[in-house]
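**Student:** Data: structure_19.tsv, TSV, C-alpha atoms.
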chain	number	residue	atom	x	y	z
G	251	MET	CA	51.62	91.21	122.03
G	252	VAL	CA	52.17	94.20	119.74
G	253	GLN	CA	50.76	93.77	116.25
G	254	ILE	CA	51.48	95.82	113.16
G	255	VAL	CA	48.36	96.72	111.18
G	256	PRO	CA	47.68	99.07	108.29
G	257	ILE	CA	47.30	102.60	109.61
G	258	THR	CA	43.92	102.73	107.88
G	259	ASP	CA	42.71	100.23	110.51
G	260	VAL	CA	42.93	102.86	113.27
G	261	SER	CA	41.12	106.16	113.57
G	262	THR	CA	42.70	109.27	112.14
G	263	ASP	CA	41.92	111.08	115.40
G	264	ALA	CA	43.84	108.48	117.41
G	265	VAL	CA	46.84	108.85	115.10
G	266	GLU	CA	46.76	112.66	115.38
G	267	GLN	CA	46.50	112.50	119.17
G	268	LEU	CA	49.47	110.10	119.34
G	269	LEU	CA	51.52	112.42	117.10
G	270	ASP	CA	50.69	115.34	119.42
G	271	ARG	CA	51.80	113.36	122.47
G	272	ALA	CA	55.00	112.18	120.79
G	273	PHE	CA	56.04	115.43	119.05
G	274	GLY	CA	53.95	118.24	120.55
G	275	THR	CA	51.05	120.18	119.17
G	276	ASP	CA	53.40	122.55	117.32
G	277	ARG	CA	54.75	119.72	115.15
G	278	HIS	CA	53.04	121.11	112.03
G	279	ILE	CA	55.56	123.95	111.73
G	280	ARG	CA	58.46	121.55	111.16
G	281	THR	CA	60.20	121.41	107.81
G	282	ALA	CA	59.15	117.77	107.28
G	283	TYR	CA	55.52	118.88	107.20
G	284	ARG	CA	56.34	121.50	104.56
G	285	ILE	CA	58.10	118.92	102.38
G	286	ARG	CA	54.99	116.73	102.29
G	287	GLU	CA	52.40	119.53	102.37
G	288	GLY	CA	49.27	118.80	100.36
G	289	VAL	CA	49.82	115.09	99.85
G	290	THR	CA	48.44	112.12	101.75
G	291	ALA	CA	50.48	109.34	103.27
G	292	LEU	CA	50.99	106.20	101.24
G	293	ASP	CA	48.55	103.68	102.73
G	294	ALA	CA	50.65	100.71	101.52
G	295	LEU	CA	53.65	101.96	103.56
G	296	SER	CA	51.95	103.42	106.64
G	297	PHE	CA	51.34	101.26	109.70
G	298	ALA	CA	50.23	101.27	113.32
G	299	ALA	CA	51.40	99.26	116.31
G	300	VAL	CA	48.49	98.10	118.46
G	301	GLU	CA	48.14	95.87	121.48
G	302	ASP	CA	44.76	94.72	122.77
G	303	GLY	CA	43.08	97.35	120.60
G	304	THR	CA	45.23	100.21	121.94
G	305	LEU	CA	47.38	102.31	119.59
G	306	PHE	CA	51.02	102.55	120.70
G	307	GLY	CA	52.89	103.62	117.58
G	308	THR	CA	52.66	104.71	113.97
G	309	ILE	CA	54.82	105.15	110.94
G	310	GLN	CA	53.80	107.02	107.83
G	311	CYS	CA	55.49	107.29	104.44
G	312	TRP	CA	54.86	110.06	101.95
G	313	PRO	CA	55.29	110.63	98.21
G	314	ILE	CA	57.80	113.42	97.69
G	315	ALA	CA	60.28	114.39	94.99
G	316	LEU	CA	63.66	115.96	94.55
G	317	ASN	CA	63.09	118.77	92.07
G	318	GLY	CA	66.57	118.86	90.60
G	319	ASP	CA	68.27	122.09	89.68
G	320	ASP	CA	68.85	120.43	86.29
G	321	GLY	CA	65.07	120.19	85.70
G	322	CYS	CA	64.72	116.51	86.62
G	323	ARG	CA	61.99	115.52	89.06
G	324	ILE	CA	63.03	112.39	90.93
G	325	PRO	CA	60.42	110.54	93.02
G	326	LEU	CA	61.28	109.66	96.61
G	327	VAL	CA	59.44	108.23	99.60
G	328	MET	CA	59.75	110.21	102.83
G	329	LEU	CA	59.69	108.00	105.90
G	330	GLY	CA	58.25	109.50	109.04
G	331	PRO	CA	57.03	110.51	111.38
G	332	VAL	CA	57.68	107.45	113.49
G	333	ALA	CA	55.64	108.07	116.64
G	334	VAL	CA	55.56	105.93	119.76
G	335	GLU	CA	53.45	106.53	122.85
G	336	PRO	CA	55.88	108.23	125.28
G	337	ILE	CA	55.38	105.59	128.00
G	338	ARG	CA	56.22	102.85	125.45
G	339	GLN	CA	59.35	104.43	123.98
G	340	GLN	CA	62.63	102.53	124.30
G	341	PHE	CA	60.92	99.16	123.83
G	342	GLY	CA	61.67	98.71	120.11
G	343	ILE	CA	58.23	99.65	118.75
G	344	GLY	CA	59.62	102.38	116.50
G	345	ARG	CA	62.33	100.07	115.21
G	346	MET	CA	59.76	97.34	114.55
G	347	LEU	CA	57.53	99.75	112.60
G	348	THR	CA	60.46	101.12	110.61
G	349	ASN	CA	61.77	97.66	109.71
G	350	HIS	CA	58.27	96.67	108.58
G	351	ALA	CA	57.79	99.73	106.35
G	352	LEU	CA	61.26	99.34	104.84
G	353	ALA	CA	60.70	95.65	104.11
G	354	ILE	CA	57.42	96.38	102.34
G	355	ALA	CA	58.98	99.21	100.32
G	356	GLU	CA	61.99	97.14	99.32
G	357	ALA	CA	59.84	94.21	98.21
G	358	ASP	CA	58.81	96.39	95.25
G	359	PRO	CA	61.79	96.78	92.88
G	360	ALA	CA	60.17	99.90	91.40
G	361	SER	CA	59.94	101.63	94.77
G	362	PRO	CA	61.70	105.01	94.87
G	363	ALA	CA	64.59	105.61	97.23
G	364	MET	CA	63.66	106.36	100.84
G	365	MET	CA	64.59	109.55	102.68
G	366	LEU	CA	63.93	111.09	106.07
G	367	ILE	CA	64.94	113.87	108.38
G	368	GLY	CA	66.34	112.29	111.52
G	369	ASP	CA	69.17	111.36	113.81
G	370	PRO	CA	72.02	110.04	111.64
G	371	GLU	CA	73.50	107.91	114.42
G	372	TYR	CA	70.22	106.08	115.06
G	373	TYR	CA	68.98	105.73	111.49
G	374	GLY	CA	72.46	104.91	110.21
G	375	ARG	CA	73.14	102.28	112.85
G	376	PHE	CA	69.85	100.43	112.63
G	377	PHE	CA	68.65	101.07	109.08
G	378	SER	CA	71.68	102.07	106.95
G	379	PHE	CA	70.46	105.60	106.19
G	380	THR	CA	73.24	108.06	105.30
G	381	SER	CA	73.68	111.66	104.27
G	382	ASP	CA	76.32	110.73	101.69
G	383	GLN	CA	74.32	111.98	98.68
G	384	THR	CA	72.24	114.79	100.16
G	385	ALA	CA	74.80	117.61	100.38
G	386	GLY	CA	73.16	119.45	97.48
G	387	TRP	CA	69.58	118.94	98.63
G	388	ARG	CA	67.50	121.80	99.96
G	389	ALA	CA	64.30	121.82	102.00
G	390	PRO	CA	61.47	124.39	102.17
G	391	GLY	CA	62.46	125.33	105.70
G	392	PRO	CA	65.33	125.02	108.12
G	393	VAL	CA	67.06	121.65	108.38
G	394	GLU	CA	70.42	120.51	109.65
G	395	ARG	CA	72.10	119.08	106.53
G	396	HIS	CA	73.52	116.04	108.29
G	397	ARG	CA	69.94	115.03	109.21
G	398	LEU	CA	68.82	114.67	105.54
G	399	LEU	CA	69.23	110.92	105.19
G	400	THR	CA	68.63	108.44	102.39
G	401	ARG	CA	68.77	104.76	101.68
G	402	GLY	CA	68.22	102.54	98.68
G	403	PRO	CA	69.78	101.80	95.33
G	404	ASN	CA	68.09	104.69	93.50
G	405	VAL	CA	69.22	107.60	95.66
G	406	PRO	CA	69.68	110.61	93.40
G	407	GLY	CA	72.78	112.72	93.63
G	408	GLY	CA	73.00	116.31	92.55
G	409	SER	CA	71.20	119.31	93.92
G	410	GLY	CA	67.58	120.33	94.17
G	411	LEU	CA	64.61	121.12	96.37
G	412	LEU	CA	62.57	118.51	98.26
G	413	ALA	CA	58.85	118.96	97.60
G	414	PRO	CA	55.53	117.11	97.70
G	415	ARG	CA	54.80	114.67	94.87
G	416	ILE	CA	51.17	114.35	93.84
G	417	VAL	CA	50.29	110.73	93.19
G	418	ALA	CA	47.38	110.19	90.84
G	419	PRO	CA	44.79	107.77	92.17
G	420	ALA	CA	44.51	104.45	90.39
G	421	PHE	CA	41.69	104.22	87.89
G	422	THR	CA	40.06	101.56	85.79
G	423	VAL	CA	39.29	101.92	82.12
G	424	THR	CA	35.92	100.47	81.21
G	425	ALA	CA	34.85	99.55	77.72
Can the structure in the file be given as structure tokens, please?
**Tutor:**
Amino acid sequence: MVQIVPITDVSTDAVEQLLDRAFGTDRHIRTAYRIREGVTALDALSFAAVEDGTLFGTIQCWPIALNGDDGCRIPLVMLGPVAVEPIRQQFGIGRMLTNHALAIAEADPASPAMMLIGDPEYYGRFFSFTSDQTAGWRAPGPVERHRLLTRGPNVPGGSGLLAPRIVAPAFTVTA
């Protein structure tokens, strides 16, 4: 039985090897990597699918922002990559991981809108992502505009550049 666990429960090397098998070793040149360059995935929204101790899938979410042309900086969460072991694709593992991450994100009313770069037919059909409000968005690399997808009640309109968002670590004030 496939279980969803925090991605921090599996080794970083295993995750990287799965990503290489799912997307190729040249995956780092993709625009999505440039959008989230220099930031770490959000542990609370990043998960792994394991069965009998074996990693079969992962999903990671990242803190990014839309740096608006009007000077506003609007926080977003970038969903992806969703990686599934090639021999286990088409069995719903990616959909299960995505549903789990979205449910966790949406449980927090303060959570920023979600975005991703992906197939609009798939992500629209199963998860209600659309490109309705992204026509003015730009990315730091090539991207097919119809593949910039968003979901959530706080999706910003307007125009701007997608970029990493540095999240300050939590700290405790001591007296």
**Student:** Is it possible to get the residues within 7 Å of (63.0, 118.2, 92.4) (coordinates as in the file, counting all atoms listed in the file) written as a short mmCIF file (atom, residue, chain, number, x, y, z; two decimals) with C-alpha atoms, keeping the file's coordinate frame?
**Tutor:**
data_model
loop_
_atom_site.label_atom_id
_atom_site.label_comp_id
_atom_site.auth_asym_id
_atom_site.auth_seq_id
_atom_site.Cartn_x
_atom_site.Cartn_y
_atom_site.Cartn_z
CA ALA G 315 60.28 114.39 94.99
CA LEU G 316 63.66 115.96 94.55
CA ASN G 317 63.09 118.77 92.07
CA GLY G 318 66.57 118.86 90.60
CA CYS G 322 64.72 116.51 86.62
CA ARG G 323 61.99 115.52 89.06
CA ILE G 324 63.03 112.39 90.93
CA GLY G 410 67.58 120.33 94.17
CA LEU G 411 64.61 121.12 96.37
CA LEU G 412 62.57 118.51 98.26
CA ALA G 413 58.85 118.96 97.60
#
**Student:** For G:Gly342, which residue among G:Val252, G:Gly386, G:Thr290, G:Ser378 is the nearest when counting all atoms listed in the file?
**Tutor:**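 Counting all atoms listed in the file, the residue closest to G:Gly342 is G:Val252.
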**Student:** I want to know what sits within 10 Å of stretch 261-269 of chain G, based on all atoms listed in the file, with residues of the same chain fewer than 4 positions away left out; could you give that as a ChimeraX atom specification?
**Tutor:** /G:257,273-275,277,298,304-309,331-336
**Student:** Could you save those same residues with C-alpha atoms as a PDB file, keeping the file's coordinate frame?
**Tutor:**
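For reference, again.pdb as written:
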ATOM      1  CA  ILE G 257      47.300 102.600 109.610  1.00  0.00           C
ATOM      2  CA  PHE G 273      56.040 115.430 119.050  1.00  0.00           C
ATOM      3  CA  GLY G 274      53.950 118.240 120.550  1.00  0.00           C
ATOM      4  CA  THR G 275      51.050 120.180 119.170  1.00  0.00           C
ATOM      5  CA  ARG G 277      54.750 119.720 115.150  1.00  0.00           C
ATOM      6  CA  ALA G 298      50.230 101.270 113.320  1.00  0.00           C
ATOM      7  CA  THR G 304      45.230 100.210 121.940  1.00  0.00           C
ATOM      8  CA  LEU G 305      47.380 102.310 119.590  1.00  0.00           C
ATOM      9  CA  PHE G 306      51.020 102.550 120.700  1.00  0.00           C
ATOM     10  CA  GLY G 307      52.890 103.620 117.580  1.00  0.00           C
ATOM     11  CA  THR G 308      52.660 104.710 113.970  1.00  0.00           C
ATOM     12  CA  ILE G 309      54.820 105.150 110.940  1.00  0.00           C
ATOM     13  CA  PRO G 331      57.030 110.510 111.380  1.00  0.00           C
ATOM     14  CA  VAL G 332      57.680 107.450 113.490  1.00  0.00           C
ATOM     15  CA  ALA G 333      55.640 108.070 116.640  1.00  0.00           C
ATOM     16  CA  VAL G 334      55.560 105.930 119.760  1.00  0.00           C
ATOM     17  CA  GLU G 335      53.450 106.530 122.850  1.00  0.00           C
ATOM     18  CA  PRO G 336      55.880 108.230 125.280  1.00  0.00           C
TER      19      PRO G 336
END
**Student:** Quick one: residues within 7 Å of G:Cys311, all atoms listed in the file, excluding same-chain residues fewer than 4 positions away - as a PDB file with C-alpha atoms, keeping the file's coordinate frame?
**Tutor:**
ATOM      1  CA  ALA G 291      50.480 109.340 103.270  1.00  0.00           C
ATOM      2  CA  LEU G 292      50.990 106.200 101.240  1.00  0.00           C
ATOM      3  CA  LEU G 295      53.650 101.960 103.560  1.00  0.00           C
ATOM      4  CA  SER G 296      51.950 103.420 106.640  1.00  0.00           C
ATOM      5  CA  VAL G 327      59.440 108.230  99.600  1.00  0.00           C
ATOM      6  CA  MET G 328      59.750 110.210 102.830  1.00  0.00           C
ATOM      7  CA  LEU G 329      59.690 108.000 105.900  1.00  0.00           C
ATOM      8  CA  GLY G 330      58.250 109.500 109.040  1.00  0.00           C
TER       9      GLY G 330
END
**Student:** Distance atom CA of G:Leu399-atom CA of G:Ile367, one decimal place?
**Tutor:**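 One can read the atom CA of G:Leu399 to atom CA of G:Ile367 distance as 6.1 Å.
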**Student:** Pick out the closest residue to G:Ser409 from this set: G:Thr348, G:Thr380, G:Ala357, G:Asp319. Count only C-alpha atoms.
**Tutor:**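 Among the listed residues, the smallest separation from G:Ser409 belongs to G:Asp319.
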**Student:** Separation of atom CA of G:Ile285 and atom CA of G:Arg395, in Å?
**Tutor:**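 These atoms are spaced 14.6 Å apart.
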**Student:** Could you tell me which of G:Val255, G:Ile314, G:Ala272, G:Val260 comes closest to G:Val289 if we count all atoms listed in the file?
**Tutor:**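 Nearest candidate to G:Val289 out of G:Val255, G:Ile314, G:Ala272, G:Val260: G:Ile314.
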**Student:** Using Å and a single decimal, report how far atom CA of G:Ala351 sits from atom CA of G:Ile279.
**Tutor:**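 Atom CA of G:Ala351 lies 24.9 Å from atom CA of G:Ile279.
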**Student:** Using all atoms listed in the file, which of G:Pro390, G:Pro313, G:Gly402, G:Ala299 sits nearest G:Leu347?
**Tutor:**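 Comparing G:Pro390, G:Pro313, G:Gly402, G:Ala299 against G:Leu347, the winner is G:Ala299.
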**Student:** Can you list, as a PyMOL selection string, every protein, DNA or RNA residue that comes within 12 Å of G:Pro359 when you count all atoms listed in the file, leaving out same-chain residues fewer than 5 positions away?
**Tutor:** chain G and resi 353-354+402-404
**Student:** Would you output that residue set with C-alpha atoms, as a CSV table (one decimal), keeping the file's coordinate frame?
**Tutor:**
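again_4.csv was written with the following content:
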chain,number,residue,atom,x,y,z
G,353,ALA,CA,60.7,95.6,104.1
G,354,ILE,CA,57.4,96.4,102.3
G,402,GLY,CA,68.2,102.5,98.7
G,403,PRO,CA,69.8,101.8,95.3
G,404,ASN,CA,68.1,104.7,93.5
**Student:** Tell me which protein, DNA and RNA residues are within 12 Å of G:Leu398, counting only C-alpha atoms, leaving out same-chain ones fewer than 5 positions away, and put them as a list in words.
**Tutor:** Thr281, Ala282, Ile285, Met328, Leu329, Met364, Met365, Leu366, Ile367, Gly368, Asp369, Pro370, Tyr373, Gly374, Phe379, Thr380, Ser381, Asp382, Gln383, Thr384, Ala385, Gly386, Trp387, Arg388, Ala389, Pro392, Val393, Leu411 and Leu412 of chain G
**Student:** Which residue out of G:Gly303, G:Phe297, G:Asp320, G:Pro406 has the minimum interatomic distance to G:Met346 when all atoms listed in the file are used?
**Tutor:**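 Nearest candidate to G:Met346 out of G:Gly303, G:Phe297, G:Asp320, G:Pro406: G:Phe297.
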**Student:** Regenerate stretch 331-361 of chain G at the level of N, CA and C atoms and dump it as a CSV table (one decimal), in the coordinates of the input.
**Tutor:**
chain,number,residue,atom,x,y,z
G,331,PRO,N,56.5,110.7,110.1
G,331,PRO,CA,57.0,110.5,111.4
G,331,PRO,C,56.8,109.1,111.9
G,332,VAL,N,57.8,108.7,112.7
G,332,VAL,CA,57.7,107.4,113.5
G,332,VAL,C,57.3,107.9,114.9
G,333,ALA,N,56.1,107.6,115.3
G,333,ALA,CA,55.6,108.1,116.6
G,333,ALA,C,55.4,106.9,117.5
G,334,VAL,N,55.8,107.0,118.8
G,334,VAL,CA,55.6,105.9,119.8
G,334,VAL,C,55.0,106.6,121.0
G,335,GLU,N,54.0,106.0,121.6
G,335,GLU,CA,53.4,106.5,122.8
G,335,GLU,C,54.6,106.7,123.8
G,336,PRO,N,54.7,107.9,124.4
G,336,PRO,CA,55.9,108.2,125.3
G,336,PRO,C,56.2,107.2,126.4
G,337,ILE,N,55.1,106.6,127.0
G,337,ILE,CA,55.4,105.6,128.0
G,337,ILE,C,55.9,104.3,127.4
G,338,ARG,N,55.8,104.1,126.1
G,338,ARG,CA,56.2,102.8,125.4
G,338,ARG,C,57.5,103.0,124.6
G,339,GLN,N,58.1,104.2,124.7
G,339,GLN,CA,59.4,104.4,124.0
G,339,GLN,C,60.5,103.6,124.6
G,340,GLN,N,61.5,103.3,123.9
G,340,GLN,CA,62.6,102.5,124.3
G,340,GLN,C,62.3,101.0,124.4
G,341,PHE,N,61.2,100.6,123.8
G,341,PHE,CA,60.9,99.2,123.8
G,341,PHE,C,61.0,98.5,122.4
G,342,GLY,N,61.5,99.3,121.4
G,342,GLY,CA,61.7,98.7,120.1
G,342,GLY,C,60.5,98.8,119.2
G,343,ILE,N,59.4,99.5,119.6
G,343,ILE,CA,58.2,99.6,118.8
G,343,ILE,C,58.6,100.5,117.5
G,344,GLY,N,59.3,101.6,117.7
G,344,GLY,CA,59.6,102.4,116.5
G,344,GLY,C,60.5,101.6,115.5
G,345,ARG,N,61.4,100.9,116.1
G,345,ARG,CA,62.3,100.1,115.2
G,345,ARG,C,61.5,99.0,114.5
G,346,MET,N,60.6,98.4,115.2
G,346,MET,CA,59.8,97.3,114.6
G,346,MET,C,58.9,97.9,113.4
G,347,LEU,N,58.3,99.1,113.6
G,347,LEU,CA,57.5,99.8,112.6
G,347,LEU,C,58.4,100.2,111.4
G,348,THR,N,59.6,100.7,111.7
G,348,THR,CA,60.5,101.1,110.6
G,348,THR,C,60.9,99.9,109.8
G,349,ASN,N,61.4,98.9,110.4
G,349,ASN,CA,61.8,97.7,109.7
G,349,ASN,C,60.6,97.1,108.8
G,350,HIS,N,59.4,97.2,109.3
G,350,HIS,CA,58.3,96.7,108.6
G,350,HIS,C,58.0,97.5,107.3
G,351,ALA,N,58.0,98.8,107.5
G,351,ALA,CA,57.8,99.7,106.4
G,351,ALA,C,58.9,99.6,105.3
G,352,LEU,N,60.1,99.5,105.8
G,352,LEU,CA,61.3,99.3,104.8
G,352,LEU,C,61.2,98.0,104.1
G,353,ALA,N,60.8,97.0,104.8
G,353,ALA,CA,60.7,95.6,104.1
G,353,ALA,C,59.6,95.7,103.0
G,354,ILE,N,58.5,96.3,103.3
G,354,ILE,CA,57.4,96.4,102.3
G,354,ILE,C,57.9,97.2,101.1
G,355,ALA,N,58.5,98.3,101.4
G,355,ALA,CA,59.0,99.2,100.3
G,355,ALA,C,60.0,98.5,99.4
G,356,GLU,N,60.9,97.8,100.1
G,356,GLU,CA,62.0,97.1,99.3
G,356,GLU,C,61.5,95.9,98.6
G,357,ALA,N,60.4,95.4,98.9
G,357,ALA,CA,59.8,94.2,98.2
G,357,ALA,C,59.4,94.6,96.8
G,358,ASP,N,59.2,95.9,96.6
G,358,ASP,CA,58.8,96.4,95.2
G,358,ASP,C,60.0,97.0,94.6
G,359,PRO,N,60.6,96.3,93.5
G,359,PRO,CA,61.8,96.8,92.9
G,359,PRO,C,61.6,98.2,92.2
G,360,ALA,N,60.4,98.6,92.0
G,360,ALA,CA,60.2,99.9,91.4
G,360,ALA,C,60.0,101.0,92.4
G,361,SER,N,60.1,100.6,93.7
G,361,SER,CA,59.9,101.6,94.8
G,361,SER,C,61.0,102.7,94.7
